[in-house]
Every structure is written in structure tokens, then in C-alpha cells.
Amino acid sequence: MSEATLHGWLTAALLAMAVLTFVVLGWVSAPYGRHLRAGWGPVVPHRVAWVVMESPAVVAFVGIFGLGQHSADSTPLVLLALWQLHYLHRTLVYPFRTKSSHPWPVLLVTMALTFQLWNSYLNARWLSEFGEYPASWLLDPRFIVGTALFGAGLALNLHSDGILRRLRGSGESGYLVPHGGGFELVSCPNYSGEILEWCGWALATWSPAGLAFALYTIANLGPRAVSHHRWYRREFPDYPPHRRALIPFLL
Ligand SMILES: NC(=O)c1ccc[n+]([C@@H]2O[C@H](COP(=O)([O-])OP(=O)(O)OC[C@H]3O[C@@H](n4cnc5c(N)ncnc54)[C@H](OP(=O)(O)O)[C@@H]3O)[C@@H](O)[C@H]2O)c1
């Protein structure tokens, strides 16, 4: 089997995994943060978890990208920069700013690490080896609109995570009702932003790998947003009634 065929099969497998993830998370909330509960084995501190599970998206991605025949071409390099803009923050900045007292099950960290290796291979290999991105792609409407969506999603994600972070003083671990920005419309604008980002990525790269990642992100964060939303409604009787879970006015 050629590597291109293997890459195609692994992309199809990620799509299948997205469907499976969506179904499972409809029944079981991933056990971290407010949904952490006993019975998931040993745990590690949340900072360790974030750095370990996200680091393949920085390190492995660059290494795999560097092996591709188009790794020195300008357009793949621009796309690499977009990817790293998100993942350098997620791996090296976010874990050290967030104020969570919840540890992570090692099992969940291992699953997330495996996913990141898989997804990094698919996307990095596509950008610098299997995809075709001439310099003219930078003027293609799909790249321009996709990059704009990516930027808007990143801004919403960072802004919303910032609002959550400021709800707690140092050493505090309780939950409050967040207000401002995207929280005026939905319970999880950080997830809405993340989904927008990767939908933008799928458009900007116009790739099966990008599409598989965007759909996986929806499958992963969609059910979690609904779980968070239900949790807020349960815990706070005066929770803003018009607020939706993930998509303003709809869901
Ligand atoms: N691409 C993907 O598939 C994917 C998957 C997962 C996460 N992510 C991204 O990773 C980031 C973190 O995800 P997450 O699932 O941990 O998000 P989250 O549940 O919204 O929590 C984010 C942080 O804010 C704290 N927090 C949340 N709600 C709060 C409230 N009402 N009052 C006070 N503190 C609150 C949490 O503390 P606790 O930990 O104590 O709850 C945590 O430290 C997000 O930007 C998300 O988009 C991406």
C-alpha cells in the first residue's frame, strides 16, 4: 500500500472516529473539568495533561511537515504558521494561565495524545507532501474566507477563555455564571470559536484532512457544550433563559 493510500484510509478512519465520538459523548461526558468523576483511574495535574497531550500538534507537526517535498514552499509555510499560532498558545501558554483545580485521568490524556499524533500526521503530511498549494492559493477565495473564519474563531476562543479565567481569583476553584462577549448568547463561546477556527482551516486548506479535523472537533465539543449548558441550568436556577449552548438562537 502506498503512503498516499494509507493517508486516505487514516483520514477516513478519523471521520469514522468523529461519528463514534459524537455518539459516545451523547451518553457519557468526557471526565475532566466539571465533569470529572471517580472510576477513570490515576490522574495527573491539569497543566501536565495539557502540555503532554497537545505537544504533538507543535513538535510532531513541525517534524512531519519538514519531511514533505513542499516544506519550503511559501503557501504550505503560511498554513503551518496558522496551525502553530493556535497550537503554540494551546500547548505553551493556555496551560499556565488557566485556573483549574481538576486533575486529568491518565487514560483521557493518553487518548488525546493519540488523537493529536494521528491528526498532526494527517494535516502536516497533507500540507507539505500530498496537497498542492501554489503561491496563487493565497489569493483563492477559499483561502481568504477560510483564514478570516480561522482568525475570527481564534479571537472568540481566546476572548471567551479569558472571561472564564477572570471569574476565579488565584486559588479559587468554584464556578460562577460568565457574562460578556459570546457568553451573552451561548454557554460555551470558547467551543463555538474553536469549531469556527477548524471549519475555517478546512476551507483554507480545502483538504480531506482539514475536513476530518473540523468534523471531529464538532463531534467532540458539540456534546460537551450541551453537557455544560445543562449543568449551568441545573446549578444556577437564575441562569439566563435565552442563552443557548453553542450556536446563538439555535442550539
Ligand atoms: N479541538 C478540540 O477538540 C478541543 C477539545 C477540548 C478543548 N479544546 C479547547 O481547550 C480549551 C479548554 O477546554 P475545556 O473543555 O477545559 O473548557 P471549559 O470547560 O470551558 O473550561 C475552561 C477553563 O475555564 C474554567 N471554567 C469553565 N467554566 C467556568 C465557570 N463557569 N466559572 C469558573 N471557571 C470556569 C475551567 O475550570 P475547571 O477545569 O475547573 O472546570 C477551565 O479551567 C477551550 O478553548 C477549548 O475550545 C479543544
# chains A, B, ... in the order shown; residues from 1 in each chain; ligands from 1

$ select_by_dssp --residues "range 71-230 of chain A" --states "helix (DSSP H, G or I)" --output "NGL selection string"
:A and (74-92 or 94-97 or 106-130 or 135-139 or 141-166 or 181-184 or 189-205 or 208-230)

$ residues_near_ligand --ligand "ligand 1" --cutoff "8 Å" --atoms "only C-alpha atoms and all ligand atoms" --output "PDB file with N, CA and C atoms, in the first residue's frame"
ATOM      1  N   TYR A  32     -13.360  15.278  32.567  1.00  0.00           N
ATOM      2  CA  TYR A  32     -12.375  16.279  33.009  1.00  0.00           C
ATOM      3  C   TYR A  32     -13.122  17.565  33.325  1.00  0.00           C
ATOM      4  N   GLY A  33     -12.424  18.481  34.034  1.00  0.00           N
ATOM      5  CA  GLY A  33     -13.073  19.720  34.443  1.00  0.00           C
ATOM      6  C   GLY A  33     -14.273  19.427  35.335  1.00  0.00           C
ATOM      7  N   ARG A  34     -15.400  20.137  35.114  1.00  0.00           N
ATOM      8  CA  ARG A  34     -16.577  19.968  35.997  1.00  0.00           C
ATOM      9  C   ARG A  34     -17.191  18.577  35.864  1.00  0.00           C
ATOM     10  N   HIS A  35     -16.869  17.865  34.819  1.00  0.00           N
ATOM     11  CA  HIS A  35     -17.449  16.525  34.627  1.00  0.00           C
ATOM     12  C   HIS A  35     -16.520  15.409  35.101  1.00  0.00           C
ATOM     13  N   HIS A  46      -3.598  19.187  35.867  1.00  0.00           N
ATOM     14  CA  HIS A  46      -4.132  19.628  34.574  1.00  0.00           C
ATOM     15  C   HIS A  46      -3.062  20.262  33.675  1.00  0.00           C
ATOM     16  N   ARG A  90      -2.024  26.990  22.699  1.00  0.00           N
ATOM     17  CA  ARG A  90      -2.738  25.949  23.439  1.00  0.00           C
ATOM     18  C   ARG A  90      -1.781  25.082  24.269  1.00  0.00           C
ATOM     19  N   TYR A  94      -1.730  28.549  27.262  1.00  0.00           N
ATOM     20  CA  TYR A  94      -3.008  28.252  27.921  1.00  0.00           C
ATOM     21  C   TYR A  94      -2.854  27.459  29.225  1.00  0.00           C
ATOM     22  N   THR A  98      -4.521  29.118  32.782  1.00  0.00           N
ATOM     23  CA  THR A  98      -5.833  28.660  33.228  1.00  0.00           C
ATOM     24  C   THR A  98      -5.828  28.341  34.724  1.00  0.00           C
ATOM     25  N   LYS A  99      -6.986  28.567  35.362  1.00  0.00           N
ATOM     26  CA  LYS A  99      -7.067  28.336  36.817  1.00  0.00           C
ATOM     27  C   LYS A  99      -8.016  27.179  37.077  1.00  0.00           C
ATOM     28  N   SER A 100      -7.504  25.972  36.934  1.00  0.00           N
ATOM     29  CA  SER A 100      -8.329  24.793  37.189  1.00  0.00           C
ATOM     30  C   SER A 100      -7.715  24.006  38.331  1.00  0.00           C
ATOM     31  N   SER A 101      -8.584  23.455  39.186  1.00  0.00           N
ATOM     32  CA  SER A 101      -8.049  22.630  40.271  1.00  0.00           C
ATOM     33  C   SER A 101      -8.259  21.155  39.946  1.00  0.00           C
ATOM     34  N   HIS A 102      -8.851  20.882  38.783  1.00  0.00           N
ATOM     35  CA  HIS A 102      -9.187  19.493  38.452  1.00  0.00           C
ATOM     36  C   HIS A 102      -8.033  18.787  37.738  1.00  0.00           C
ATOM     37  N   ASN A 157     -12.417  32.348  20.677  1.00  0.00           N
ATOM     38  CA  ASN A 157     -11.945  31.316  21.618  1.00  0.00           C
ATOM     39  C   ASN A 157     -11.074  31.938  22.719  1.00  0.00           C
ATOM     40  N   LEU A 158     -10.125  32.787  22.311  1.00  0.00           N
ATOM     41  CA  LEU A 158      -9.213  33.384  23.294  1.00  0.00           C
ATOM     42  C   LEU A 158      -9.971  34.343  24.220  1.00  0.00           C
ATOM     43  N   SER A 160     -13.151  34.314  25.025  1.00  0.00           N
ATOM     44  CA  SER A 160     -14.062  33.583  25.914  1.00  0.00           C
ATOM     45  C   SER A 160     -13.284  32.857  27.008  1.00  0.00           C
ATOM     46  N   ASP A 161     -12.165  32.215  26.644  1.00  0.00           N
ATOM     47  CA  ASP A 161     -11.346  31.562  27.677  1.00  0.00           C
ATOM     48  C   ASP A 161     -10.822  32.591  28.677  1.00  0.00           C
ATOM     49  N   LEU A 164     -13.570  33.338  31.208  1.00  0.00           N
ATOM     50  CA  LEU A 164     -13.654  32.242  32.189  1.00  0.00           C
ATOM     51  C   LEU A 164     -12.515  32.336  33.199  1.00  0.00           C
ATOM     52  N   ARG A 165     -11.331  32.622  32.702  1.00  0.00           N
ATOM     53  CA  ARG A 165     -10.155  32.676  33.590  1.00  0.00           C
ATOM     54  C   ARG A 165     -10.323  33.761  34.656  1.00  0.00           C
ATOM     55  N   ARG A 166     -10.913  34.887  34.253  1.00  0.00           N
ATOM     56  CA  ARG A 166     -11.044  36.013  35.189  1.00  0.00           C
ATOM     57  C   ARG A 166     -12.182  35.828  36.193  1.00  0.00           C
ATOM     58  N   LEU A 167     -12.988  34.769  36.028  1.00  0.00           N
ATOM     59  CA  LEU A 167     -14.062  34.516  37.000  1.00  0.00           C
ATOM     60  C   LEU A 167     -13.501  34.077  38.347  1.00  0.00           C
ATOM     61  N   ARG A 168     -12.297  33.505  38.326  1.00  0.00           N
ATOM     62  CA  ARG A 168     -11.723  32.978  39.568  1.00  0.00           C
ATOM     63  C   ARG A 168     -10.532  33.813  40.008  1.00  0.00           C
ATOM     64  N   SER A 173     -11.671  27.776  43.204  1.00  0.00           N
ATOM     65  CA  SER A 173     -11.983  26.653  42.312  1.00  0.00           C
ATOM     66  C   SER A 173     -13.479  26.539  41.998  1.00  0.00           C
ATOM     67  N   GLY A 174     -14.294  27.490  42.512  1.00  0.00           N
ATOM     68  CA  GLY A 174     -15.741  27.385  42.284  1.00  0.00           C
ATOM     69  C   GLY A 174     -16.123  27.865  40.887  1.00  0.00           C
ATOM     70  N   TYR A 175     -17.422  27.752  40.602  1.00  0.00           N
ATOM     71  CA  TYR A 175     -17.937  28.169  39.294  1.00  0.00           C
ATOM     72  C   TYR A 175     -18.913  29.329  39.459  1.00  0.00           C
ATOM     73  N   LEU A 176     -18.852  30.297  38.537  1.00  0.00           N
ATOM     74  CA  LEU A 176     -19.785  31.426  38.504  1.00  0.00           C
ATOM     75  C   LEU A 176     -20.427  31.460  37.122  1.00  0.00           C
ATOM     76  N   VAL A 177     -21.510  32.221  36.999  1.00  0.00           N
ATOM     77  CA  VAL A 177     -22.125  32.384  35.677  1.00  0.00           C
ATOM     78  C   VAL A 177     -21.302  33.420  34.906  1.00  0.00           C
ATOM     79  N   PRO A 178     -20.737  33.035  33.753  1.00  0.00           N
ATOM     80  CA  PRO A 178     -19.954  34.008  32.978  1.00  0.00           C
ATOM     81  C   PRO A 178     -20.846  34.984  32.222  1.00  0.00           C
ATOM     82  N   CYS A 188     -21.046  28.234  25.819  1.00  0.00           N
ATOM     83  CA  CYS A 188     -19.667  27.810  25.520  1.00  0.00           C
ATOM     84  C   CYS A 188     -19.111  28.496  24.276  1.00  0.00           C
ATOM     85  N   ASN A 190     -16.256  29.636  23.881  1.00  0.00           N
ATOM     86  CA  ASN A 190     -14.890  29.158  23.593  1.00  0.00           C
ATOM     87  C   ASN A 190     -14.942  27.963  22.640  1.00  0.00           C
ATOM     88  N   TYR A 191     -15.943  27.082  22.833  1.00  0.00           N
ATOM     89  CA  TYR A 191     -16.092  25.941  21.920  1.00  0.00           C
ATOM     90  C   TYR A 191     -16.592  26.402  20.547  1.00  0.00           C
ATOM     91  N   SER A 192     -17.535  27.377  20.539  1.00  0.00           N
ATOM     92  CA  SER A 192     -18.018  27.894  19.241  1.00  0.00           C
ATOM     93  C   SER A 192     -16.833  28.446  18.451  1.00  0.00           C
ATOM     94  N   GLY A 193     -15.948  29.197  19.147  1.00  0.00           N
ATOM     95  CA  GLY A 193     -14.776  29.772  18.487  1.00  0.00           C
ATOM     96  C   GLY A 193     -13.845  28.688  17.960  1.00  0.00           C
ATOM     97  N   GLU A 194     -13.625  27.667  18.773  1.00  0.00           N
ATOM     98  CA  GLU A 194     -12.733  26.570  18.362  1.00  0.00           C
ATOM     99  C   GLU A 194     -13.297  25.875  17.108  1.00  0.00           C
ATOM    100  N   ILE A 195     -14.590  25.641  17.104  1.00  0.00           N
ATOM    101  CA  ILE A 195     -15.217  24.979  15.942  1.00  0.00           C
ATOM    102  C   ILE A 195     -15.107  25.870  14.704  1.00  0.00           C
ATOM    103  N   TRP A 198     -11.593  25.663  13.170  1.00  0.00           N
ATOM    104  CA  TRP A 198     -11.210  24.473  12.394  1.00  0.00           C
ATOM    105  C   TRP A 198     -12.075  24.299  11.160  1.00  0.00           C
ATOM    106  N   TYR A 216     -14.405  16.273  13.471  1.00  0.00           N
ATOM    107  CA  TYR A 216     -14.075  15.670  14.768  1.00  0.00           C
ATOM    108  C   TYR A 216     -14.267  16.710  15.890  1.00  0.00           C
ATOM    109  N   THR A 217     -13.827  17.942  15.632  1.00  0.00           N
ATOM    110  CA  THR A 217     -13.956  18.997  16.651  1.00  0.00           C
ATOM    111  C   THR A 217     -15.427  19.241  16.984  1.00  0.00           C
ATOM    112  N   ILE A 218     -16.278  19.256  15.955  1.00  0.00           N
ATOM    113  CA  ILE A 218     -17.721  19.426  16.191  1.00  0.00           C
ATOM    114  C   ILE A 218     -18.249  18.250  17.018  1.00  0.00           C
ATOM    115  N   ASN A 220     -16.684  16.370  19.055  1.00  0.00           N
ATOM    116  CA  ASN A 220     -16.123  16.365  20.407  1.00  0.00           C
ATOM    117  C   ASN A 220     -16.721  17.494  21.269  1.00  0.00           C
ATOM    118  N   LEU A 221     -16.756  18.702  20.718  1.00  0.00           N
ATOM    119  CA  LEU A 221     -17.150  19.857  21.527  1.00  0.00           C
ATOM    120  C   LEU A 221     -18.659  20.122  21.514  1.00  0.00           C
ATOM    121  N   ARG A 224     -20.224  18.240  24.403  1.00  0.00           N
ATOM    122  CA  ARG A 224     -19.708  18.803  25.662  1.00  0.00           C
ATOM    123  C   ARG A 224     -20.358  20.161  25.953  1.00  0.00           C
ATOM    124  N   HIS A 228     -22.308  21.049  29.338  1.00  0.00           N
ATOM    125  CA  HIS A 228     -22.020  22.255  30.139  1.00  0.00           C
ATOM    126  C   HIS A 228     -23.303  23.066  30.334  1.00  0.00           C
ATOM    127  N   TYR A 232     -25.061  24.138  33.790  1.00  0.00           N
ATOM    128  CA  TYR A 232     -25.314  25.522  34.233  1.00  0.00           C
ATOM    129  C   TYR A 232     -26.776  25.678  34.646  1.00  0.00           C
TER     130      TYR A 232
END

$ residues_around --residues "range 15-31 of chain A" --least-positions-apart "6" --cutoff "12 Å" --atoms "only C-alpha atoms" --output "mmCIF file with C-alpha atoms, in the first residue's frame"
data_model
loop_
_atom_site.group_PDB
_atom_site.id
_atom_site.type_symbol
_atom_site.label_atom_id
_atom_site.label_comp_id
_atom_site.auth_asym_id
_atom_site.auth_seq_id
_atom_site.Cartn_x
_atom_site.Cartn_y
_atom_site.Cartn_z
ATOM 1 C CA GLY A 8 -6.508 8.380 2.785
ATOM 2 C CA TRP A 9 -7.534 5.423 4.963
ATOM 3 C CA ARG A 37 -15.705 11.796 38.459
ATOM 4 C CA ALA A 38 -14.268 8.733 40.152
ATOM 5 C CA GLY A 39 -13.649 5.469 38.308
ATOM 6 C CA TRP A 40 -11.371 6.662 35.491
ATOM 7 C CA GLY A 41 -8.075 5.516 37.008
ATOM 8 C CA VAL A 43 -4.848 11.248 37.342
ATOM 9 C CA HIS A 102 -9.187 19.493 38.452
ATOM 10 C CA PRO A 103 -6.627 16.839 37.517
ATOM 11 C CA TRP A 104 -6.991 14.748 34.359
ATOM 12 C CA PRO A 105 -7.315 10.951 34.118
ATOM 13 C CA VAL A 106 -4.185 9.450 32.530
ATOM 14 C CA LEU A 107 -6.495 7.405 30.284
ATOM 15 C CA LEU A 108 -8.024 10.562 28.810
ATOM 16 C CA VAL A 109 -4.600 12.199 28.355
ATOM 17 C CA MET A 111 -6.437 9.127 24.226
ATOM 18 C CA ALA A 112 -5.986 12.840 23.490
ATOM 19 C CA PHE A 115 -5.567 11.718 18.644
ATOM 20 C CA TRP A 118 -2.890 10.975 14.338
ATOM 21 C CA ASN A 119 -4.369 14.353 13.438
ATOM 22 C CA LEU A 122 -2.815 13.764 8.607
ATOM 23 C CA PRO A 208 -9.880 15.897 3.444
ATOM 24 C CA ALA A 209 -7.575 16.041 6.495
ATOM 25 C CA GLY A 210 -8.807 19.537 7.404
ATOM 26 C CA LEU A 211 -12.428 18.480 6.921
ATOM 27 C CA ALA A 212 -11.963 15.381 9.096
ATOM 28 C CA PHE A 213 -10.442 17.504 11.880
ATOM 29 C CA ALA A 214 -13.251 20.095 11.696
ATOM 30 C CA LEU A 215 -15.920 17.371 11.903
ATOM 31 C CA TYR A 216 -14.075 15.670 14.768
ATOM 32 C CA THR A 217 -13.956 18.997 16.651
ATOM 33 C CA ILE A 218 -17.721 19.426 16.191
ATOM 34 C CA ALA A 219 -18.303 15.832 17.339
ATOM 35 C CA ASN A 220 -16.123 16.365 20.407
ATOM 36 C CA LEU A 221 -17.150 19.857 21.527
ATOM 37 C CA GLY A 222 -20.812 19.869 20.433
ATOM 38 C CA PRO A 223 -21.981 17.279 23.000
ATOM 39 C CA ARG A 224 -19.708 18.803 25.662
ATOM 40 C CA ALA A 225 -21.268 22.222 25.116
ATOM 41 C CA VAL A 226 -24.699 20.653 25.635
ATOM 42 C CA SER A 227 -23.448 18.935 28.838
ATOM 43 C CA HIS A 228 -22.020 22.255 30.139
ATOM 44 C CA ARG A 230 -27.410 21.527 31.123
ATOM 45 C CA TRP A 231 -25.011 21.700 34.081
#

$ atom_distance --atom1 "CA of Arg142 in chain A" --atom2 "CA of Trp83 in chain A"
16.5 Å

$ atom_distance --atom1 "CA of His229 in chain A" --atom2 "CA of Ala245 in chain A"
5.3 Å

$ residues_around --residues "Ala57 in chain A" --least-positions-apart "3" --cutoff "6 Å" --atoms "only C-alpha atoms" --output "number ranges by chain"
A: 54, 61, 116, 120

$ residues_around --residues "Val62 in chain A" --least-positions-apart "2" --cutoff "10 Å" --atoms "only C-alpha atoms" --output "VMD selection string"
chain A and resid 56 to 60 64 to 67 71 80 84 120 to 121 124 to 125

$ closest_residue --among "A:Ser207, A:Phe130, A:Ile247, A:Leu113" --to "Leu6 in chain A" --atoms "only C-alpha atoms"
A:Phe130

$ atom_distance --atom1 "CA of Glu132 in chain A" --atom2 "CA of Gly200 in chain A"
18.1 Å

$ closest_residue --among "A:Gln69, A:Phe143, A:His86, A:Pro95" --to "Val52 in chain A" --atoms "only C-alpha atoms"
A:Pro95

$ residues_around --residues "Leu77 in chain A" --least-positions-apart "6" --cutoff "9 Å" --atoms "only C-alpha atoms" --output "list in words"
His70, Ser71, Leu127 and Ser128 of chain A

$ closest_residue --among "A:Phe249, A:Trp50, A:Trp206, A:Trp201" --to "Trp137 in chain A" --atoms "only C-alpha atoms"
A:Trp206

$ decode --residues "range 81-93 of chain A" --atoms "N, CA, C and O atoms" --output "compact mmCIF listing (two decimals), in the first residue's frame"
# COMPACT_ATOMS: atom_id res chain seq x y z
N ALA A 81 2.08 28.28 9.68
CA ALA A 81 2.08 29.38 10.66
C ALA A 81 0.71 29.52 11.32
O ALA A 81 0.62 29.74 12.54
N LEU A 82 -0.38 29.36 10.53
CA LEU A 82 -1.74 29.44 11.10
C LEU A 82 -1.93 28.36 12.15
O LEU A 82 -2.42 28.61 13.26
N TRP A 83 -1.54 27.14 11.80
CA TRP A 83 -1.69 26.00 12.72
C TRP A 83 -0.94 26.26 14.02
O TRP A 83 -1.45 26.09 15.12
N GLN A 84 0.32 26.71 13.86
CA GLN A 84 1.15 26.91 15.04
C GLN A 84 0.69 28.09 15.89
O GLN A 84 0.89 28.10 17.11
N LEU A 85 0.06 29.06 15.25
CA LEU A 85 -0.50 30.19 16.00
C LEU A 85 -1.46 29.66 17.06
O LEU A 85 -1.46 30.08 18.22
N HIS A 86 -2.29 28.71 16.66
CA HIS A 86 -3.23 28.11 17.62
C HIS A 86 -2.50 27.20 18.61
O HIS A 86 -2.68 27.33 19.83
N TYR A 87 -1.69 26.30 18.10
CA TYR A 87 -1.18 25.25 18.99
C TYR A 87 -0.01 25.67 19.88
O TYR A 87 0.19 25.07 20.94
N LEU A 88 0.76 26.68 19.46
CA LEU A 88 1.79 27.17 20.39
C LEU A 88 1.12 27.77 21.62
O LEU A 88 1.56 27.56 22.75
N HIS A 89 0.02 28.49 21.38
CA HIS A 89 -0.73 29.05 22.51
C HIS A 89 -1.33 27.94 23.36
O HIS A 89 -1.19 27.92 24.58
N ARG A 90 -2.02 26.99 22.70
CA ARG A 90 -2.74 25.95 23.44
C ARG A 90 -1.78 25.08 24.27
O ARG A 90 -2.12 24.62 25.36
N THR A 91 -0.55 24.87 23.77
CA THR A 91 0.38 23.96 24.44
C THR A 91 1.25 24.67 25.47
O THR A 91 1.52 24.12 26.54
N LEU A 92 1.67 25.89 25.15
CA LEU A 92 2.69 26.52 26.00
C LEU A 92 2.20 27.74 26.78
O LEU A 92 2.89 28.20 27.69
N VAL A 93 1.04 28.28 26.42
CA VAL A 93 0.54 29.46 27.13
C VAL A 93 -0.72 29.11 27.93
O VAL A 93 -0.76 29.32 29.15
